[in-house]
$ cat my_file-v7.cif   # mmCIF, N, CA and C atoms
data_protein
#
loop_
_atom_site.label_atom_id
_atom_site.label_comp_id
_atom_site.auth_asym_id
_atom_site.auth_seq_id
_atom_site.Cartn_x
_atom_site.Cartn_y
_atom_site.Cartn_z
N MET G 17 72.81 103.16 90.26
CA MET G 17 72.86 103.91 91.48
C MET G 17 73.43 103.04 92.59
N GLN G 18 74.30 103.58 93.36
CA GLN G 18 74.98 102.86 94.42
C GLN G 18 74.23 103.00 95.75
N ALA G 19 74.33 101.96 96.58
CA ALA G 19 73.73 101.99 97.91
C ALA G 19 74.41 103.05 98.76
N LEU G 20 73.66 103.61 99.70
CA LEU G 20 74.23 104.59 100.63
C LEU G 20 75.17 103.88 101.59
N PRO G 21 76.21 104.56 102.03
CA PRO G 21 77.16 103.94 102.96
C PRO G 21 76.49 103.58 104.28
N ASN G 22 76.79 102.40 104.78
CA ASN G 22 76.39 102.00 106.11
C ASN G 22 77.46 102.56 107.05
N PRO G 23 77.08 103.37 108.04
CA PRO G 23 78.09 104.00 108.90
C PRO G 23 79.03 103.02 109.59
N LYS G 24 78.53 101.85 110.03
CA LYS G 24 79.41 100.86 110.68
C LYS G 24 80.44 100.32 109.70
N ILE G 25 79.98 100.00 108.50
CA ILE G 25 80.90 99.47 107.48
C ILE G 25 81.90 100.54 107.09
N GLN G 26 81.42 101.74 106.89
CA GLN G 26 82.29 102.86 106.51
C GLN G 26 83.38 103.07 107.57
N ALA G 27 83.01 103.07 108.84
CA ALA G 27 83.98 103.28 109.91
C ALA G 27 85.00 102.15 109.97
N THR G 28 84.54 100.91 109.81
CA THR G 28 85.45 99.76 109.85
C THR G 28 86.45 99.81 108.70
N LEU G 29 85.98 100.12 107.50
CA LEU G 29 86.89 100.14 106.35
C LEU G 29 87.92 101.26 106.48
N HIS G 30 87.50 102.42 106.95
CA HIS G 30 88.48 103.50 107.15
C HIS G 30 89.49 103.11 108.23
N ALA G 31 89.02 102.48 109.30
CA ALA G 31 89.91 102.04 110.37
C ALA G 31 90.88 100.97 109.87
N TYR G 32 90.42 100.10 108.95
CA TYR G 32 91.25 99.05 108.38
C TYR G 32 92.49 99.66 107.70
N TYR G 33 92.26 100.61 106.80
CA TYR G 33 93.38 101.21 106.08
C TYR G 33 94.21 102.12 106.97
N ASP G 34 93.56 102.82 107.90
CA ASP G 34 94.31 103.67 108.84
C ASP G 34 95.26 102.83 109.69
N ALA G 35 94.80 101.66 110.14
CA ALA G 35 95.64 100.79 110.98
C ALA G 35 96.85 100.28 110.20
N ILE G 36 96.64 99.90 108.94
CA ILE G 36 97.79 99.47 108.12
C ILE G 36 98.77 100.62 107.96
N ASN G 37 98.26 101.79 107.61
CA ASN G 37 99.14 102.94 107.38
C ASN G 37 99.91 103.34 108.62
N ALA G 38 99.29 103.18 109.79
CA ALA G 38 99.94 103.51 111.06
C ALA G 38 100.78 102.34 111.58
N ARG G 39 100.72 101.21 110.86
CA ARG G 39 101.43 99.99 111.25
C ARG G 39 101.00 99.55 112.65
N ASN G 40 99.69 99.63 112.88
CA ASN G 40 99.13 99.27 114.18
C ASN G 40 98.41 97.92 114.07
N GLN G 41 99.15 96.87 114.30
CA GLN G 41 98.62 95.52 114.17
C GLN G 41 97.50 95.25 115.17
N VAL G 42 97.60 95.75 116.37
CA VAL G 42 96.58 95.52 117.40
C VAL G 42 95.24 96.08 116.94
N GLU G 43 95.23 97.32 116.46
CA GLU G 43 93.98 97.92 115.98
C GLU G 43 93.45 97.18 114.76
N TRP G 44 94.33 96.78 113.85
CA TRP G 44 93.91 96.07 112.64
C TRP G 44 93.27 94.74 113.00
N LEU G 45 93.89 93.98 113.89
CA LEU G 45 93.33 92.68 114.29
C LEU G 45 91.99 92.83 115.00
N ALA G 46 91.81 93.91 115.73
CA ALA G 46 90.56 94.14 116.47
C ALA G 46 89.37 94.36 115.54
N LEU G 47 89.61 94.64 114.28
CA LEU G 47 88.53 94.90 113.32
C LEU G 47 87.90 93.62 112.78
N TRP G 48 88.52 92.48 113.02
CA TRP G 48 88.09 91.20 112.44
C TRP G 48 87.25 90.40 113.43
N SER G 49 86.34 89.61 112.91
CA SER G 49 85.59 88.67 113.75
C SER G 49 86.52 87.51 114.11
N ALA G 50 86.18 86.79 115.16
CA ALA G 50 87.03 85.69 115.65
C ALA G 50 87.20 84.58 114.61
N ASP G 51 86.19 84.38 113.77
CA ASP G 51 86.24 83.30 112.77
C ASP G 51 86.42 83.84 111.35
N ALA G 52 87.08 84.97 111.25
CA ALA G 52 87.28 85.63 109.95
C ALA G 52 88.08 84.76 108.99
N VAL G 53 87.82 84.98 107.69
CA VAL G 53 88.56 84.33 106.62
C VAL G 53 89.02 85.42 105.66
N CYS G 54 90.29 85.37 105.29
CA CYS G 54 90.86 86.39 104.41
C CYS G 54 91.56 85.71 103.24
N HIS G 55 91.16 86.07 102.04
CA HIS G 55 91.78 85.58 100.80
C HIS G 55 92.60 86.75 100.25
N HIS G 56 93.86 86.81 100.64
CA HIS G 56 94.71 87.96 100.30
C HIS G 56 96.00 87.46 99.71
N PRO G 57 96.08 87.30 98.41
CA PRO G 57 95.11 87.59 97.37
C PRO G 57 94.27 86.36 97.03
N VAL G 58 93.32 86.57 96.13
CA VAL G 58 92.53 85.46 95.61
C VAL G 58 93.50 84.45 95.01
N GLY G 59 93.27 83.19 95.29
CA GLY G 59 94.14 82.13 94.78
C GLY G 59 95.13 81.63 95.81
N ALA G 60 95.43 82.46 96.81
CA ALA G 60 96.30 82.01 97.90
C ALA G 60 95.46 81.21 98.88
N LEU G 61 96.12 80.41 99.69
CA LEU G 61 95.39 79.70 100.73
C LEU G 61 94.70 80.72 101.63
N PRO G 62 93.45 80.49 101.99
CA PRO G 62 92.77 81.46 102.84
C PRO G 62 93.39 81.49 104.24
N ALA G 63 93.50 82.69 104.78
CA ALA G 63 93.97 82.88 106.15
C ALA G 63 92.74 82.83 107.05
N GLU G 64 92.81 82.04 108.10
CA GLU G 64 91.66 81.87 108.97
C GLU G 64 92.02 82.24 110.40
N GLY G 65 91.14 83.00 111.05
CA GLY G 65 91.32 83.37 112.44
C GLY G 65 92.55 84.24 112.64
N GLU G 66 92.85 84.52 113.90
CA GLU G 66 93.95 85.42 114.22
C GLU G 66 95.31 84.93 113.72
N PRO G 67 95.64 83.63 113.83
CA PRO G 67 96.96 83.21 113.32
C PRO G 67 97.12 83.50 111.83
N GLY G 68 96.10 83.23 111.06
CA GLY G 68 96.17 83.52 109.62
C GLY G 68 96.24 85.00 109.34
N LEU G 69 95.49 85.78 110.09
CA LEU G 69 95.51 87.23 109.89
C LEU G 69 96.87 87.82 110.23
N ARG G 70 97.56 87.25 111.20
CA ARG G 70 98.91 87.72 111.52
C ARG G 70 99.86 87.50 110.34
N GLU G 71 99.67 86.42 109.60
CA GLU G 71 100.48 86.18 108.40
C GLU G 71 100.15 87.20 107.31
N ILE G 72 98.88 87.53 107.15
CA ILE G 72 98.48 88.56 106.19
C ILE G 72 99.11 89.90 106.57
N TRP G 73 99.10 90.20 107.85
CA TRP G 73 99.70 91.46 108.33
C TRP G 73 101.18 91.53 107.91
N LYS G 74 101.90 90.43 108.08
CA LYS G 74 103.32 90.42 107.70
C LYS G 74 103.49 90.71 106.21
N MET G 75 102.58 90.15 105.39
CA MET G 75 102.67 90.38 103.95
C MET G 75 102.40 91.84 103.61
N LEU G 76 101.43 92.44 104.32
CA LEU G 76 101.05 93.82 104.02
C LEU G 76 102.05 94.85 104.53
N THR G 77 102.78 94.54 105.58
CA THR G 77 103.67 95.53 106.19
C THR G 77 105.14 95.14 106.19
N GLY G 78 105.44 93.84 106.20
CA GLY G 78 106.81 93.38 106.36
C GLY G 78 107.83 93.90 105.36
N PRO G 79 107.48 93.98 104.08
CA PRO G 79 108.48 94.42 103.10
C PRO G 79 108.79 95.93 103.14
N PHE G 80 108.07 96.66 103.98
CA PHE G 80 108.10 98.13 103.89
C PHE G 80 108.67 98.82 105.12
N GLN G 81 109.41 99.90 104.87
CA GLN G 81 109.72 100.88 105.90
C GLN G 81 108.48 101.74 106.13
N ARG G 82 107.80 102.02 105.03
CA ARG G 82 106.61 102.87 105.04
C ARG G 82 105.69 102.38 103.94
N VAL G 83 104.40 102.30 104.25
CA VAL G 83 103.41 101.95 103.23
C VAL G 83 102.16 102.77 103.49
N LEU G 84 101.53 103.21 102.41
CA LEU G 84 100.33 104.04 102.52
C LEU G 84 99.27 103.49 101.57
N PHE G 85 98.19 102.98 102.13
CA PHE G 85 97.04 102.51 101.37
C PHE G 85 95.98 103.61 101.33
N ARG G 86 95.35 103.77 100.18
CA ARG G 86 94.26 104.73 100.02
C ARG G 86 93.04 104.03 99.44
N ALA G 87 91.91 104.15 100.10
CA ALA G 87 90.64 103.65 99.56
C ALA G 87 90.15 104.70 98.56
N GLU G 88 90.36 104.43 97.28
CA GLU G 88 90.03 105.41 96.25
C GLU G 88 88.52 105.50 96.00
N LYS G 89 87.87 104.34 95.99
CA LYS G 89 86.44 104.29 95.72
C LYS G 89 85.86 103.13 96.49
N ILE G 90 84.76 103.36 97.19
CA ILE G 90 84.11 102.31 97.96
C ILE G 90 82.68 102.16 97.45
N PHE G 91 82.32 100.92 97.14
CA PHE G 91 80.97 100.59 96.68
C PHE G 91 80.30 99.76 97.77
N TYR G 92 79.25 100.30 98.35
CA TYR G 92 78.54 99.65 99.45
C TYR G 92 77.36 98.85 98.92
N ALA G 93 77.11 97.71 99.54
CA ALA G 93 75.93 96.90 99.21
C ALA G 93 75.70 95.92 100.36
N GLY G 94 74.48 95.89 100.87
CA GLY G 94 74.14 94.95 101.93
C GLY G 94 75.08 95.06 103.12
N ALA G 95 75.64 93.92 103.53
CA ALA G 95 76.53 93.87 104.69
C ALA G 95 77.99 93.96 104.29
N GLY G 96 78.26 94.55 103.14
CA GLY G 96 79.65 94.61 102.70
C GLY G 96 79.93 95.75 101.77
N ALA G 97 81.12 95.68 101.22
CA ALA G 97 81.56 96.73 100.30
C ALA G 97 82.73 96.22 99.48
N ALA G 98 82.90 96.81 98.32
CA ALA G 98 84.07 96.58 97.48
C ALA G 98 84.88 97.87 97.47
N VAL G 99 86.18 97.73 97.66
CA VAL G 99 87.06 98.89 97.75
C VAL G 99 88.10 98.83 96.65
N ASN G 100 88.14 99.86 95.83
CA ASN G 100 89.21 100.03 94.85
C ASN G 100 90.28 100.83 95.57
N TRP G 101 91.45 100.22 95.79
CA TRP G 101 92.49 100.88 96.57
C TRP G 101 93.79 101.01 95.77
N THR G 102 94.59 101.98 96.19
CA THR G 102 95.95 102.13 95.67
C THR G 102 96.89 102.16 96.87
N ALA G 103 98.14 101.84 96.62
CA ALA G 103 99.14 101.86 97.69
C ALA G 103 100.49 102.25 97.12
N GLU G 104 101.28 102.84 97.97
CA GLU G 104 102.67 103.14 97.62
C GLU G 104 103.51 102.91 98.86
N GLY G 105 104.72 102.49 98.63
CA GLY G 105 105.56 102.20 99.78
C GLY G 105 107.03 102.34 99.47
N THR G 106 107.80 102.43 100.54
CA THR G 106 109.25 102.40 100.48
C THR G 106 109.66 101.12 101.18
N GLY G 107 110.37 100.29 100.47
CA GLY G 107 110.77 99.00 101.00
C GLY G 107 111.89 99.09 102.01
N VAL G 108 112.07 98.03 102.75
CA VAL G 108 113.19 97.96 103.69
C VAL G 108 114.51 98.00 102.93
N ASN G 109 114.46 97.73 101.63
CA ASN G 109 115.65 97.78 100.78
C ASN G 109 115.87 99.17 100.16
N GLY G 110 114.99 100.13 100.47
CA GLY G 110 115.11 101.48 99.93
C GLY G 110 114.38 101.68 98.62
N GLY G 111 113.90 100.63 98.01
CA GLY G 111 113.15 100.75 96.76
C GLY G 111 111.75 101.31 97.00
N THR G 112 111.17 101.84 95.95
CA THR G 112 109.81 102.36 96.05
C THR G 112 108.91 101.61 95.08
N VAL G 113 107.63 101.55 95.41
CA VAL G 113 106.69 100.83 94.58
C VAL G 113 105.30 101.43 94.75
N SER G 114 104.53 101.36 93.68
CA SER G 114 103.11 101.69 93.71
C SER G 114 102.37 100.47 93.19
N PHE G 115 101.21 100.18 93.80
CA PHE G 115 100.42 99.04 93.37
C PHE G 115 98.96 99.31 93.70
N GLU G 116 98.08 98.48 93.16
CA GLU G 116 96.66 98.70 93.38
C GLU G 116 95.91 97.38 93.37
N GLY G 117 94.67 97.44 93.85
CA GLY G 117 93.85 96.26 93.87
C GLY G 117 92.42 96.58 94.24
N ILE G 118 91.65 95.52 94.37
CA ILE G 118 90.25 95.63 94.78
C ILE G 118 90.04 94.61 95.88
N SER G 119 89.46 95.04 96.99
CA SER G 119 89.12 94.14 98.09
C SER G 119 87.62 94.16 98.28
N VAL G 120 87.06 92.97 98.47
CA VAL G 120 85.63 92.82 98.74
C VAL G 120 85.50 92.35 100.18
N PHE G 121 84.74 93.09 100.97
CA PHE G 121 84.56 92.82 102.38
C PHE G 121 83.12 92.43 102.68
N GLU G 122 82.95 91.48 103.59
CA GLU G 122 81.65 91.18 104.20
C GLU G 122 81.84 91.37 105.70
N LEU G 123 80.88 92.05 106.32
CA LEU G 123 80.99 92.36 107.74
C LEU G 123 79.84 91.77 108.54
N THR G 124 80.09 91.59 109.82
CA THR G 124 79.05 91.12 110.73
C THR G 124 78.12 92.28 111.06
N ALA G 125 77.02 91.98 111.72
CA ALA G 125 76.08 93.03 112.14
C ALA G 125 76.73 94.02 113.09
N GLU G 126 77.76 93.57 113.81
CA GLU G 126 78.48 94.44 114.74
C GLU G 126 79.53 95.30 114.04
N GLY G 127 79.73 95.10 112.75
CA GLY G 127 80.70 95.89 112.00
C GLY G 127 82.10 95.32 111.99
N ARG G 128 82.25 94.05 112.32
CA ARG G 128 83.58 93.40 112.25
C ARG G 128 83.72 92.71 110.91
N ILE G 129 84.94 92.64 110.42
CA ILE G 129 85.19 92.01 109.13
C ILE G 129 85.08 90.50 109.28
N GLN G 130 84.19 89.91 108.49
CA GLN G 130 84.00 88.46 108.47
C GLN G 130 84.85 87.83 107.37
N THR G 131 84.86 88.49 106.20
CA THR G 131 85.57 87.97 105.04
C THR G 131 86.18 89.12 104.25
N GLU G 132 87.39 88.92 103.78
CA GLU G 132 87.99 89.82 102.79
C GLU G 132 88.51 88.96 101.66
N ILE G 133 88.18 89.39 100.44
CA ILE G 133 88.69 88.75 99.23
C ILE G 133 89.40 89.86 98.45
N ALA G 134 90.71 89.72 98.29
CA ALA G 134 91.51 90.79 97.69
C ALA G 134 92.03 90.35 96.32
N TYR G 135 91.84 91.23 95.36
CA TYR G 135 92.29 91.00 93.98
C TYR G 135 93.48 91.92 93.72
N TRP G 136 94.66 91.35 93.72
CA TRP G 136 95.89 92.07 93.40
C TRP G 136 97.00 91.05 93.24
N ASP G 137 98.19 91.51 92.86
CA ASP G 137 99.31 90.60 92.60
C ASP G 137 100.50 90.97 93.49
N PRO G 138 100.56 90.40 94.70
CA PRO G 138 101.69 90.73 95.58
C PRO G 138 103.04 90.30 95.02
N ALA G 139 103.07 89.23 94.23
CA ALA G 139 104.35 88.78 93.66
C ALA G 139 104.92 89.85 92.73
N ALA G 140 104.08 90.43 91.89
CA ALA G 140 104.55 91.48 90.98
C ALA G 140 105.03 92.70 91.78
N MET G 141 104.32 93.02 92.85
CA MET G 141 104.73 94.15 93.68
C MET G 141 106.09 93.88 94.31
N LEU G 142 106.31 92.67 94.83
CA LEU G 142 107.58 92.35 95.46
C LEU G 142 108.73 92.33 94.46
N ILE G 143 108.47 91.86 93.25
CA ILE G 143 109.50 91.88 92.21
C ILE G 143 109.88 93.31 91.87
N GLU G 144 108.88 94.17 91.68
CA GLU G 144 109.17 95.57 91.38
C GLU G 144 109.93 96.23 92.53
N LEU G 145 109.52 95.95 93.76
CA LEU G 145 110.19 96.53 94.92
C LEU G 145 111.65 96.07 94.99
N ALA G 146 111.89 94.80 94.70
CA ALA G 146 113.26 94.27 94.70
C ALA G 146 114.10 94.94 93.62
N GLU G 147 113.53 95.09 92.43
CA GLU G 147 114.26 95.73 91.34
C GLU G 147 114.57 97.19 91.65
N GLN G 148 113.61 97.89 92.24
CA GLN G 148 113.83 99.29 92.62
C GLN G 148 114.90 99.40 93.70
N GLY G 149 114.91 98.47 94.62
CA GLY G 149 115.90 98.49 95.70
C GLY G 149 117.32 98.35 95.20
N ARG G 150 117.50 97.58 94.11
CA ARG G 150 118.84 97.40 93.55
C ARG G 150 119.38 98.70 92.97
N THR G 151 118.49 99.56 92.46
CA THR G 151 118.97 100.81 91.87
C THR G 151 119.41 101.80 92.92
N PHE G 152 118.98 101.61 94.17
CA PHE G 152 119.33 102.53 95.24
C PHE G 152 120.54 102.06 96.05
N GLN G 153 120.91 100.80 95.93
CA GLN G 153 121.99 100.28 96.76
C GLN G 153 123.33 100.45 96.11
#
$ encode --input "my_file-v7.cif" --output "structure tokens"
Amino acid sequence: MQALPNPKIQATLHAYYDAINARNQVEWLALWSADAVCHHPVGALPAEGEPGLREIWKMLTGPFQRVLFRAEKIFYAGAGAAVNWTAEGTGVNGGTVSFEGISVFELTAEGRIQTEIAYWDPAAMLIELAEQGRTFQ
């Protein structure tokens, strides 16, 4: 049995994906605590604070004309949640790509993101996007 959604966590996670989809960096950055740490993806150097988060933002939005993330399933527990997400996008090169992953979030009592640990392969996504772009050019 899964824990019931915490309304603060639920609102923050929906706002997180909405901000990416709307390409609203200001709103996305406002969701994070000042000392946040983001492992996007696991294995990469952790991004710390606003400067690091700005680099993550570039990775999530930079390759795309349009990108749409969907939180398919959210599992709540304690002060956090795990999100099974899917995404699809159209690259600046005209190629299209679909990809998926799992992000684990820990939030502060105020509902700001303290930590995100994301499990996905951005390199594979970029390779596929590059290959798709060649077929359209």
$ resolve_selection --input "my_file-v7.cif" --expression "the PyMOL selection byres (((chain G and resi 131 and name CA) around 7) and name CA)" --output "ChimeraX atom specification"
/G:52-54,121-123,129-130,132-133
$ write_last_selection --input "my_file-v7.cif" --atoms "N, CA and C atoms" --output "mmCIF file, keeping the file's coordinate frame"
data_model
loop_
_atom_site.group_PDB
_atom_site.id
_atom_site.type_symbol
_atom_site.label_atom_id
_atom_site.label_comp_id
_atom_site.auth_asym_id
_atom_site.auth_seq_id
_atom_site.Cartn_x
_atom_site.Cartn_y
_atom_site.Cartn_z
ATOM 1 N N ALA G 52 87.080 84.970 111.250
ATOM 2 C CA ALA G 52 87.280 85.630 109.950
ATOM 3 C C ALA G 52 88.080 84.760 108.990
ATOM 4 N N VAL G 53 87.820 84.980 107.690
ATOM 5 C CA VAL G 53 88.560 84.330 106.620
ATOM 6 C C VAL G 53 89.020 85.420 105.660
ATOM 7 N N CYS G 54 90.290 85.370 105.290
ATOM 8 C CA CYS G 54 90.860 86.390 104.410
ATOM 9 C C CYS G 54 91.560 85.710 103.240
ATOM 10 N N PHE G 121 84.740 93.090 100.970
ATOM 11 C CA PHE G 121 84.560 92.820 102.380
ATOM 12 C C PHE G 121 83.120 92.430 102.680
ATOM 13 N N GLU G 122 82.950 91.480 103.590
ATOM 14 C CA GLU G 122 81.650 91.180 104.200
ATOM 15 C C GLU G 122 81.840 91.370 105.700
ATOM 16 N N LEU G 123 80.880 92.050 106.320
ATOM 17 C CA LEU G 123 80.990 92.360 107.740
ATOM 18 C C LEU G 123 79.840 91.770 108.540
ATOM 19 N N ILE G 129 84.940 92.640 110.420
ATOM 20 C CA ILE G 129 85.190 92.010 109.130
ATOM 21 C C ILE G 129 85.080 90.500 109.280
ATOM 22 N N GLN G 130 84.190 89.910 108.490
ATOM 23 C CA GLN G 130 84.000 88.460 108.470
ATOM 24 C C GLN G 130 84.850 87.830 107.370
ATOM 25 N N GLU G 132 87.390 88.920 103.780
ATOM 26 C CA GLU G 132 87.990 89.820 102.790
ATOM 27 C C GLU G 132 88.510 88.960 101.660
ATOM 28 N N ILE G 133 88.180 89.390 100.440
ATOM 29 C CA ILE G 133 88.690 88.750 99.230
ATOM 30 C C ILE G 133 89.400 89.860 98.450
#
$ residues_around --input "my_file-v7.cif" --residues "Ala98 in chain G" --least-positions-apart "4" --cutoff "6.5 Å" --atoms "all atoms listed in the file" --output "PyMOL selection string"
chain G and resi 89-93+118-121
$ select_by_dssp --input "my_file-v7.cif" --residues "range 35-126 of chain G" --states "alpha helix (DSSP H)" --output "PyMOL selection string"
chain G and resi 35-37+41-46+65-77
$ closest_residue --input "my_file-v7.cif" --among "G:Leu69, G:Glu88, G:Leu145, G:Tyr135" --to "Thr106 in chain G" --atoms "all atoms listed in the file"
G:Leu145
$ atom_distance --input "my_file-v7.cif" --atom1 "CA of Arg128 in chain G" --atom2 "CA of Val99 in chain G"
15.9 Å
$ select_by_dssp --input "my_file-v7.cif" --residues "chain G" --states "strand (DSSP E)" --output "NGL selection string"
:G and (48-55 or 63-64 or 80-93 or 96-107 or 112-123 or 129-135)
$ closest_residue --input "my_file-v7.cif" --among "G:Asp137, G:Glu144, G:Glu126, G:Asp34" --to "Gly110 in chain G" --atoms "only C-alpha atoms"
G:Glu144
$ atom_distance --input "my_file-v7.cif" --atom1 "atom C of Gln26 in chain G" --atom2 "atom C of Asn100 in chain G"
14.0 Å
$ residues_near_point --input "my_file-v7.cif" --point "(85.9, 96.9, 109.8)" --cutoff "8 Å" --atoms "only C-alpha atoms" --output "list in words"
Lys24, Ile25, Gln26, Ala27, Thr28, Leu29, His30, Ala31, Tyr32, Leu47, Trp48, Leu123, Gly127, Arg128 and Ile129 of chain G
$ residues_near_point --input "my_file-v7.cif" --point "(91.6, 87.7, 116.8)" --cutoff "10 Å" --atoms "only C-alpha atoms" --output "JSON, numbers by chain"
{"G": [42, 44, 45, 46, 47, 48, 49, 50, 51, 52, 64, 65, 66, 67, 68, 69, 70]}
$ closest_residue --input "my_file-v7.cif" --among "G:Gln41, G:Arg82, G:Val113, G:Lys74" --to "Ala140 in chain G" --atoms "only C-alpha atoms"
G:Val113
$ atom_distance --input "my_file-v7.cif" --atom1 "CA of His55 in chain G" --atom2 "CA of Ile72 in chain G"
9.1 Å
$ resolve_selection --input "my_file-v7.cif" --expression "the PyMOL selection byres (((chain G and resi 80 and name CA) around 7) and name CA)" --output "list in words"
Thr77, Gly78, Pro79, Gln81, Arg82, Val83, Gly105, Thr106, Gly107 and Val108 of chain G
$ closest_residue --input "my_file-v7.cif" --among "G:Ala125, G:Gln148, G:Ala103, G:Arg86" --to "Tyr33 in chain G" --atoms "all atoms listed in the file"
G:Arg86
$ closest_residue --input "my_file-v7.cif" --among "G:Val58, G:Ala38, G:Leu20, G:Ala134" --to "Leu84 in chain G" --atoms "only N, CA and C atoms"
G:Ala38
$ closest_residue --input "my_file-v7.cif" --among "G:Asn40, G:Asn22, G:Gly117, G:Phe85" --to "Glu104 in chain G" --atoms "only N, CA and C atoms"
G:Phe85
